[in-house]
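Below is structure_25.json, which holds JSON, C-alpha atoms.
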[["chain", "number", "residue", "atom", "x", "y", "z"],
["H", 206, "MET", "CA", -113.79, 88.00, 143.92],
["H", 207, "LYS", "CA", -116.63, 86.22, 142.17],
["H", 208, "ASP", "CA", -116.72, 82.64, 143.50],
["H", 209, "LEU", "CA", -117.20, 82.76, 147.27],
["H", 210, "SER", "CA", -118.25, 79.12, 147.77],
["H", 211, "ASN", "CA", -114.95, 78.18, 149.43],
["H", 212, "ILE", "CA", -114.67, 81.34, 151.52],
["H", 213, "MET", "CA", -115.50, 81.05, 155.22],
["H", 214, "LEU", "CA", -116.86, 84.46, 156.16],
["H", 215, "ALA", "CA", -115.58, 85.55, 159.59],
["H", 216, "LEU", "CA", -117.87, 87.93, 161.46],
["H", 217, "ASP", "CA", -116.12, 87.86, 164.82],
["H", 218, "ASN", "CA", -115.80, 91.64, 165.13],
["H", 219, "PHE", "CA", -119.54, 92.18, 164.61],
["H", 220, "THR", "CA", -122.28, 92.73, 167.14],
["H", 221, "LYS", "CA", -125.17, 90.28, 166.95],
["H", 222, "GLU", "CA", -127.35, 92.83, 165.17],
["H", 223, "GLU", "CA", -124.60, 93.63, 162.67],
["H", 224, "LEU", "CA", -124.03, 89.92, 162.09],
["H", 225, "ILE", "CA", -127.70, 89.27, 161.29],
["H", 226, "ASN", "CA", -127.79, 92.29, 158.98],
["H", 227, "LYS", "CA", -124.65, 91.19, 157.14],
["H", 228, "LEU", "CA", -125.94, 87.64, 156.68],
["H", 229, "THR", "CA", -129.26, 88.98, 155.41],
["H", 230, "GLU", "CA", -127.35, 91.15, 152.93],
["H", 231, "THR", "CA", -125.02, 88.35, 151.74],
["H", 232, "LYS", "CA", -127.16, 85.24, 152.28],
["H", 233, "ASP", "CA", -126.78, 84.03, 148.69],
["H", 234, "ASP", "CA", -123.03, 84.72, 148.48],
["H", 235, "PHE", "CA", -121.51, 82.55, 151.20],
["H", 236, "LYS", "CA", -121.95, 78.91, 152.14],
["H", 237, "THR", "CA", -119.91, 78.86, 155.37],
["H", 238, "ILE", "CA", -119.87, 81.30, 158.29],
["H", 239, "LYS", "CA", -117.12, 81.35, 160.93],
["H", 240, "ILE", "CA", -118.15, 82.05, 164.50],
["H", 241, "GLY", "CA", -115.19, 82.57, 166.82],
["H", 242, "LEU", "CA", -114.53, 82.66, 170.53],
["H", 243, "GLU", "CA", -115.58, 86.29, 171.03],
["H", 244, "LEU", "CA", -119.11, 85.83, 169.67],
["H", 245, "PHE", "CA", -119.57, 82.40, 171.22],
["H", 246, "CYS", "CA", -118.55, 83.59, 174.69],
["H", 247, "LYS", "CA", -120.96, 86.51, 174.46],
["H", 248, "HIS", "CA", -124.01, 84.79, 172.95],
["H", 249, "GLY", "CA", -123.45, 81.07, 173.49],
["H", 250, "PRO", "CA", -125.00, 78.11, 171.64],
["H", 251, "GLN", "CA", -128.24, 80.00, 171.07],
["H", 252, "LEU", "CA", -126.51, 82.17, 168.46],
["H", 253, "ILE", "CA", -125.42, 79.09, 166.50],
["H", 254, "ASN", "CA", -128.98, 77.76, 166.43],
["H", 255, "GLU", "CA", -130.42, 81.13, 165.46],
["H", 256, "ILE", "CA", -128.01, 81.57, 162.55],
["H", 257, "TYR", "CA", -128.61, 78.08, 161.25],
["H", 258, "ASP", "CA", -132.38, 78.24, 161.61],
["H", 259, "GLN", "CA", -132.58, 81.57, 159.80],
["H", 260, "PHE", "CA", -129.91, 81.25, 157.11],
["H", 261, "LYS", "CA", -129.04, 77.52, 156.82],
["H", 262, "HIS", "CA", -125.33, 78.30, 156.40],
["H", 263, "ASP", "CA", -122.68, 75.73, 157.22],
["H", 264, "ILE", "CA", -121.17, 76.89, 160.51],
["H", 265, "PHE", "CA", -117.48, 76.83, 161.36],
["H", 266, "LEU", "CA", -117.22, 77.11, 165.16],
["H", 267, "ASP", "CA", -113.68, 78.30, 165.72],
["H", 268, "LEU", "CA", -113.10, 77.71, 169.46],
["H", 269, "LYS", "CA", -109.50, 76.43, 169.17],
["H", 270, "LEU", "CA", -109.97, 74.07, 172.13],
["H", 271, "HIS", "CA", -106.73, 73.39, 174.00],
["H", 272, "ASP", "CA", -106.67, 71.76, 177.44],
["H", 273, "ILE", "CA", -106.13, 68.40, 179.08],
["H", 274, "PRO", "CA", -107.78, 65.58, 177.07],
["H", 275, "ASN", "CA", -110.71, 65.02, 179.43],
["H", 276, "THR", "CA", -111.60, 68.71, 179.55],
["H", 277, "VAL", "CA", -111.56, 69.01, 175.77],
["H", 278, "ARG", "CA", -113.65, 65.86, 175.50],
["H", 279, "LYS", "CA", -116.27, 67.22, 177.91],
["H", 280, "SER", "CA", -116.25, 70.59, 176.18],
["H", 281, "ILE", "CA", -117.11, 68.93, 172.88],
["H", 282, "LYS", "CA", -119.81, 66.88, 174.58],
["H", 283, "SER", "CA", -121.34, 70.15, 175.82],
["H", 284, "LEU", "CA", -121.81, 71.19, 172.18],
["H", 285, "GLU", "CA", -123.94, 68.14, 171.45],
["H", 286, "GLY", "CA", -126.71, 68.73, 168.96],
["H", 287, "LEU", "CA", -125.43, 72.06, 167.63],
["H", 288, "PRO", "CA", -125.71, 72.40, 163.84],
["H", 289, "ILE", "CA", -122.01, 72.92, 163.15],
["H", 290, "LYS", "CA", -119.91, 71.53, 160.31],
["H", 291, "PHE", "CA", -116.39, 72.47, 161.43],
["H", 292, "LEU", "CA", -114.83, 72.73, 164.91],
["H", 293, "THR", "CA", -111.24, 73.65, 165.79],
["H", 294, "ILE", "CA", -108.83, 72.28, 168.37],
["H", 295, "HIS", "CA", -105.12, 73.00, 168.81],
["H", 296, "LEU", "CA", -102.75, 70.33, 167.48],
["H", 297, "SER", "CA", -100.28, 71.35, 170.19],
["H", 298, "GLY", "CA", -102.64, 69.80, 172.74],
["H", 299, "GLY", "CA", -101.00, 66.50, 171.86],
["H", 300, "GLU", "CA", -101.95, 63.11, 170.47],
["H", 301, "GLU", "CA", -104.22, 61.98, 173.33],
["H", 302, "MET", "CA", -106.15, 65.24, 173.38],
["H", 303, "ILE", "CA", -106.68, 65.09, 169.62],
["H", 304, "LYS", "CA", -107.84, 61.47, 169.72],
["H", 305, "GLN", "CA", -110.31, 62.10, 172.52],
["H", 306, "ALA", "CA", -111.64, 65.18, 170.74],
["H", 307, "ILE", "CA", -112.22, 63.16, 167.57],
["H", 308, "GLU", "CA", -113.88, 60.31, 169.48],
["H", 309, "GLN", "CA", -116.25, 62.61, 171.34],
["H", 310, "ALA", "CA", -117.10, 64.57, 168.21],
["H", 311, "ARG", "CA", -118.10, 61.37, 166.42],
["H", 312, "GLU", "CA", -120.51, 60.67, 169.27],
["H", 313, "SER", "CA", -121.86, 64.13, 170.07],
["H", 314, "LEU", "CA", -121.50, 65.95, 166.75],
["H", 315, "PRO", "CA", -121.85, 63.33, 163.99],
["H", 316, "GLY", "CA", -120.86, 64.80, 160.66],
["H", 317, "VAL", "CA", -118.70, 67.57, 162.10],
["H", 318, "LYS", "CA", -115.17, 67.97, 160.76],
["H", 319, "ILE", "CA", -112.48, 68.44, 163.42],
["H", 320, "LEU", "CA", -109.76, 70.83, 162.27],
["H", 321, "GLY", "CA", -106.38, 71.00, 164.00],
["H", 322, "VAL", "CA", -104.88, 74.47, 164.38],
["H", 323, "SER", "CA", -101.11, 74.56, 163.82],
["H", 324, "TYR", "CA", -99.40, 77.86, 164.70],
["H", 325, "LEU", "CA", -101.46, 81.04, 164.72],
["H", 326, "THR", "CA", -100.98, 83.33, 161.73],
["H", 327, "SER", "CA", -100.42, 86.22, 164.14],
["H", 328, "LEU", "CA", -97.11, 84.70, 165.31],
["H", 329, "SER", "CA", -93.93, 86.22, 163.97],
["H", 330, "GLU", "CA", -90.46, 84.70, 163.68],
["H", 331, "ASN", "CA", -89.59, 86.51, 166.91],
["H", 332, "ASP", "CA", -92.52, 84.82, 168.67],
["H", 333, "PHE", "CA", -91.31, 81.38, 167.61],
["H", 334, "ASP", "CA", -87.92, 82.17, 169.10],
["H", 335, "GLU", "CA", -89.20, 83.75, 172.34],
["H", 336, "ILE", "CA", -91.83, 81.12, 173.12],
["H", 337, "TRP", "CA", -90.27, 77.87, 171.91],
["H", 338, "ALA", "CA", -86.65, 78.82, 171.09],
["H", 339, "ILE", "CA", -87.38, 77.88, 167.47],
["H", 340, "LYS", "CA", -85.05, 79.75, 165.14],
["H", 341, "LYS", "CA", -86.15, 80.95, 161.71],
["H", 342, "VAL", "CA", -84.39, 78.11, 159.92],
["H", 343, "ASP", "CA", -86.22, 75.52, 162.06],
["H", 344, "ILE", "CA", -89.76, 76.90, 161.69],
["H", 345, "PRO", "CA", -90.68, 74.66, 158.71],
["H", 346, "LYS", "CA", -89.57, 71.61, 160.71],
["H", 347, "ALA", "CA", -91.81, 72.66, 163.61],
["H", 348, "PHE", "CA", -94.78, 72.86, 161.27],
["H", 349, "GLY", "CA", -93.85, 69.51, 159.81],
["H", 350, "GLN", "CA", -94.01, 67.89, 163.25],
["H", 351, "LEU", "CA", -97.52, 69.22, 163.87],
["H", 352, "PHE", "CA", -98.69, 68.15, 160.43],
["H", 353, "LYS", "CA", -97.31, 64.63, 161.00],
["H", 354, "LEU", "CA", -99.28, 64.49, 164.25],
["H", 355, "ALA", "CA", -102.41, 65.56, 162.37],
["H", 356, "MET", "CA", -102.00, 62.68, 159.94],
["H", 357, "GLN", "CA", -101.15, 60.14, 162.64],
["H", 358, "THR", "CA", -104.34, 60.94, 164.55],
["H", 359, "LYS", "CA", -106.44, 60.93, 161.36],
["H", 360, "ILE", "CA", -107.93, 64.31, 162.11],
["H", 361, "ASP", "CA", -110.20, 65.68, 159.39],
["H", 362, "GLY", "CA", -108.20, 68.75, 158.53],
["H", 363, "ILE", "CA", -105.78, 71.46, 159.53],
["H", 364, "VAL", "CA", -105.76, 75.22, 159.93],
["H", 365, "CYS", "CA", -102.56, 76.91, 158.85],
["H", 366, "SER", "CA", -101.36, 79.90, 156.89],
["H", 367, "ALA", "CA", -101.15, 79.44, 153.13],
["H", 368, "SER", "CA", -97.39, 79.82, 153.43],
["H", 369, "GLU", "CA", -97.15, 76.38, 155.07],
["H", 370, "LEU", "CA", -99.27, 74.50, 152.53],
["H", 371, "GLU", "CA", -96.22, 73.28, 150.62],
["H", 372, "ILE", "CA", -95.03, 71.45, 153.76],
["H", 373, "ILE", "CA", -98.28, 69.58, 154.27],
["H", 374, "ASN", "CA", -98.62, 68.84, 150.54],
["H", 375, "ASP", "CA", -95.22, 67.12, 150.57],
["H", 376, "LEU", "CA", -96.10, 65.10, 153.69],
["H", 377, "GLU", "CA", -99.41, 63.98, 152.23],
["H", 378, "LYS", "CA", -97.69, 62.49, 149.21],
["H", 379, "GLY", "CA", -95.72, 60.17, 151.45],
["H", 380, "HIS", "CA", -98.70, 59.15, 153.58],
["H", 381, "CYS", "CA", -101.44, 58.86, 150.93],
["H", 382, "GLN", "CA", -103.66, 61.20, 152.95],
["H", 383, "ASN", "CA", -105.62, 64.28, 152.01],
["H", 384, "LEU", "CA", -106.51, 66.62, 154.86],
["H", 385, "ILE", "CA", -108.95, 69.50, 154.58],
["H", 386, "LYS", "CA", -106.80, 72.64, 154.45],
["H", 387, "VAL", "CA", -108.28, 75.83, 155.90],
["H", 388, "CYS", "CA", -106.23, 79.01, 155.66],
["H", 389, "PRO", "CA", -106.73, 82.21, 157.68],
["H", 390, "GLY", "CA", -104.39, 85.17, 157.22],
["H", 391, "ILE", "CA", -105.78, 85.92, 153.76],
["H", 392, "ARG", "CA", -105.53, 89.45, 152.43],
["H", 393, "PHE", "CA", -106.00, 90.97, 149.00],
["H", 394, "LYS", "CA", -102.82, 91.86, 147.11],
["H", 395, "ASP", "CA", -103.32, 95.59, 147.51],
["H", 396, "GLU", "CA", -103.72, 95.19, 151.28],
["H", 397, "ILE", "CA", -100.48, 93.20, 151.52],
["H", 398, "GLU", "CA", -98.61, 95.72, 149.36],
["H", 399, "ASN", "CA", -99.88, 98.56, 151.57],
["H", 400, "GLY", "CA", -99.03, 96.72, 154.80],
["H", 401, "ASP", "CA", -102.71, 96.60, 155.76],
["H", 402, "ILE", "CA", -102.66, 93.15, 157.39],
["H", 403, "GLN", "CA", -104.03, 94.05, 160.84],
["H", 404, "ASP", "CA", -102.92, 91.52, 163.48],
["H", 405, "GLN", "CA", -101.64, 88.92, 161.02],
["H", 406, "ASN", "CA", -98.03, 88.20, 160.11],
["H", 407, "ARG", "CA", -98.00, 85.26, 157.70],
["H", 408, "VAL", "CA", -100.41, 86.32, 154.95],
["H", 409, "LEU", "CA", -101.14, 85.50, 151.32],
["H", 410, "ASP", "CA", -103.65, 86.61, 148.71],
["H", 411, "PRO", "CA", -106.65, 84.41, 147.78],
["H", 412, "LYS", "CA", -105.47, 83.42, 144.29],
["H", 413, "ASN", "CA", -102.08, 82.18, 145.46],
["H", 414, "ALA", "CA", -103.55, 80.48, 148.53],
["H", 415, "PHE", "CA", -105.84, 78.37, 146.35],
["H", 416, "MET", "CA", -102.99, 77.69, 143.93],
["H", 417, "ASN", "CA", -100.91, 76.42, 146.87],
["H", 418, "GLY", "CA", -103.61, 73.88, 147.75],
["H", 419, "ALA", "CA", -106.03, 75.55, 150.18],
["H", 420, "ASP", "CA", -109.53, 74.06, 150.30],
["H", 421, "TYR", "CA", -111.09, 76.94, 152.23],
["H", 422, "LEU", "CA", -110.01, 80.50, 153.02],
["H", 423, "VAL", "CA", -111.07, 82.36, 156.15],
["H", 424, "MET", "CA", -111.74, 86.02, 155.39],
["H", 425, "GLY", "CA", -113.37, 88.72, 157.46],
["H", 426, "ARG", "CA", -112.54, 92.39, 157.41],
["H", 427, "SER", "CA", -110.93, 92.20, 153.97],
["H", 428, "LEU", "CA", -114.37, 91.35, 152.57],
["H", 429, "THR", "CA", -116.81, 93.00, 154.95],
["H", 430, "ALA", "CA", -115.02, 96.36, 154.83],
["H", 431, "SER", "CA", -113.84, 96.25, 151.23],
["H", 432, "LYS", "CA", -115.20, 96.84, 147.72],
["H", 433, "ASN", "CA", -113.18, 93.85, 146.45],
["H", 434, "MET", "CA", -116.11, 91.53, 147.14]]

Written as structure tokens, how would this file's structure read?
Amino acid sequence: MKDLSNIMLALDNFTKEELINKLTETKDDFKTIKIGLELFCKHGPQLINEIYDQFKHDIFLDLKLHDIPNTVRKSIKSLEGLPIKFLTIHLSGGEEMIKQAIEQARESLPGVKILGVSYLTSLSENDFDEIWAIKKVDIPKAFGQLFKLAMQTKIDGIVCSASELEIINDLEKGHCQNLIKVCPGIRFKDEIENGDIQDQNRVLDPKNAFMNGADYLVMGRSLTASKNM
């Protein structure tokens, strides 16, 4: 891969020292860094400020907030002043939760983009059936419902696997909207062919993900532990 400007580098499995070393090593390669729940729970807001102050990267804080509307609203308020560009919530939290999250973000985190997570890329067809009694044939419809909710609430963007991009692209045509599309579950072709997809189920390679309409790809171990970069 040569152009990494639209790659969000995930360093969630790193220690703080390893993270700083990796960012020092790759500081001119990546524009956006993803900080997930594991790192944020361990190091808190201070880590976000340290990374931004030292490297000036755009920061994607991937907390996937999902709770009653008031709790999510107060959680976002607690992030006030942090230099973050993207923040995730779960679309399955419902319309009121999404609206309150957006409203609070506009007040406490002006300029941040709120991204709605659809279904996790780790979920398999069996998970859809066991958790929600959604059969394989009905999975696209379930995604469609979440994407419609995203557009109704005027959220900034969505997080979904690249396999579902066709669904959202079709919906956007009918609603004259253009959501930011962020795709995790990205693996290089050789990894997919070898079954090396770790804890992901719905995966796609970078080239095809961009061709399908992704704006950003979230990649971690495939880059940090690979010579493909």

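Counting from atom CA of H:Gln309, the distance to atom CA of H:Gly321 is 14.9 Å.
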
Could you tell me which of H:His380, H:Ala367, H:Arg426, H:Lys232 comes closest to H:Lys412 if we count all atoms listed in the file?
H:Ala367

Find the residues of stretch 266-303 of chain H that sit at most 8 Å from stretch 342-359 of chain H; for each, write down the nearest two atoms and how far apart they are in Å, to one decimal. Count all atoms listed in the file. Sort by chain, then by number going up, and give it as a Markdown table.
| residue | atom | partner | partner_atom | distance |
| --- | --- | --- | --- | --- |
| H:Leu296 | CA | H:Leu351 | CA | 6.5 |
| H:Ser297 | CA | H:Leu351 | CA | 7.2 |
| H:Glu300 | CA | H:Thr358 | CA | 6.7 |
| H:Ile303 | CA | H:Thr358 | CA | 7.0 |

Protein and nucleic acid residues near (-112.4, 82.2, 154.3) (cut-off 7 Å, all atoms listed in the file) as a VMD selection string
chain H and resid 211 to 214 389 421 to 424

List as CSV every residue of stretch 278-352 of chain H that is in contact with stretch 257-268 of chain H, defined as an atom at most 8 Å from one of its atoms (using only C-alpha atoms), together with the nearest atom pair and the distance in Å rounded to one decimal, sorted by chain and then rising number.
residue,atom,partner,partner_atom,distance
H:Pro288,CA,H:Tyr257,CA,6.9
H:Ile289,CA,H:Ile264,CA,4.8
H:Lys290,CA,H:Ile264,CA,5.5
H:Phe291,CA,H:Phe265,CA,4.5
H:Leu292,CA,H:Leu266,CA,5.0
H:Thr293,CA,H:Asp267,CA,5.3
H:Ile294,CA,H:Leu268,CA,7.0

Min atom-atom distance to H:Leu287 from the set H:Val387, H:Leu224, H:Ile336, H:Ile253, counting all atoms listed in the file, belongs to H:Ile253

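Pairwise distance (atom CA of H:Leu228, atom CA of H:Leu242) equals 18.6 Å.
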
Find the distance between atom CA of H:Lys227 and atom CA of H:Thr429 and write it in Å to one decimal.
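So the answer is 8.3 Å.
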
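Remark: for H:Asn413, the closest of the candidate residues H:Ser368, H:Gln305, H:Asn331, H:Thr229 is H:Ser368 (distances computed over all atoms listed in the file).
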
Could you check the closest approach to H:Ile360 for each of H:Gly379, H:Phe333, H:Lys221, H:Ile319 and tell me which residue wins, using all atoms listed in the file?
H:Ile319

Box in all listed atoms of stretch 287-305 of chain H, axis-aligned, with 6 Å more on each side; write out centre and edge lengths in Å to one decimal as lines of an AutoDock Vina configuration file.
center_x = -113.0
center_y = 67.6
center_z = 166.8
size_x = 37.4
size_y = 24.2
size_z = 25.1

Using only C-alpha atoms, find the one residue out of H:Ala338, H:Cys388, H:Ile256, H:Val364 that sits nearest to H:Lys318.
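Using only C-alpha atoms, H:Lys318 sits closest to H:Val364.
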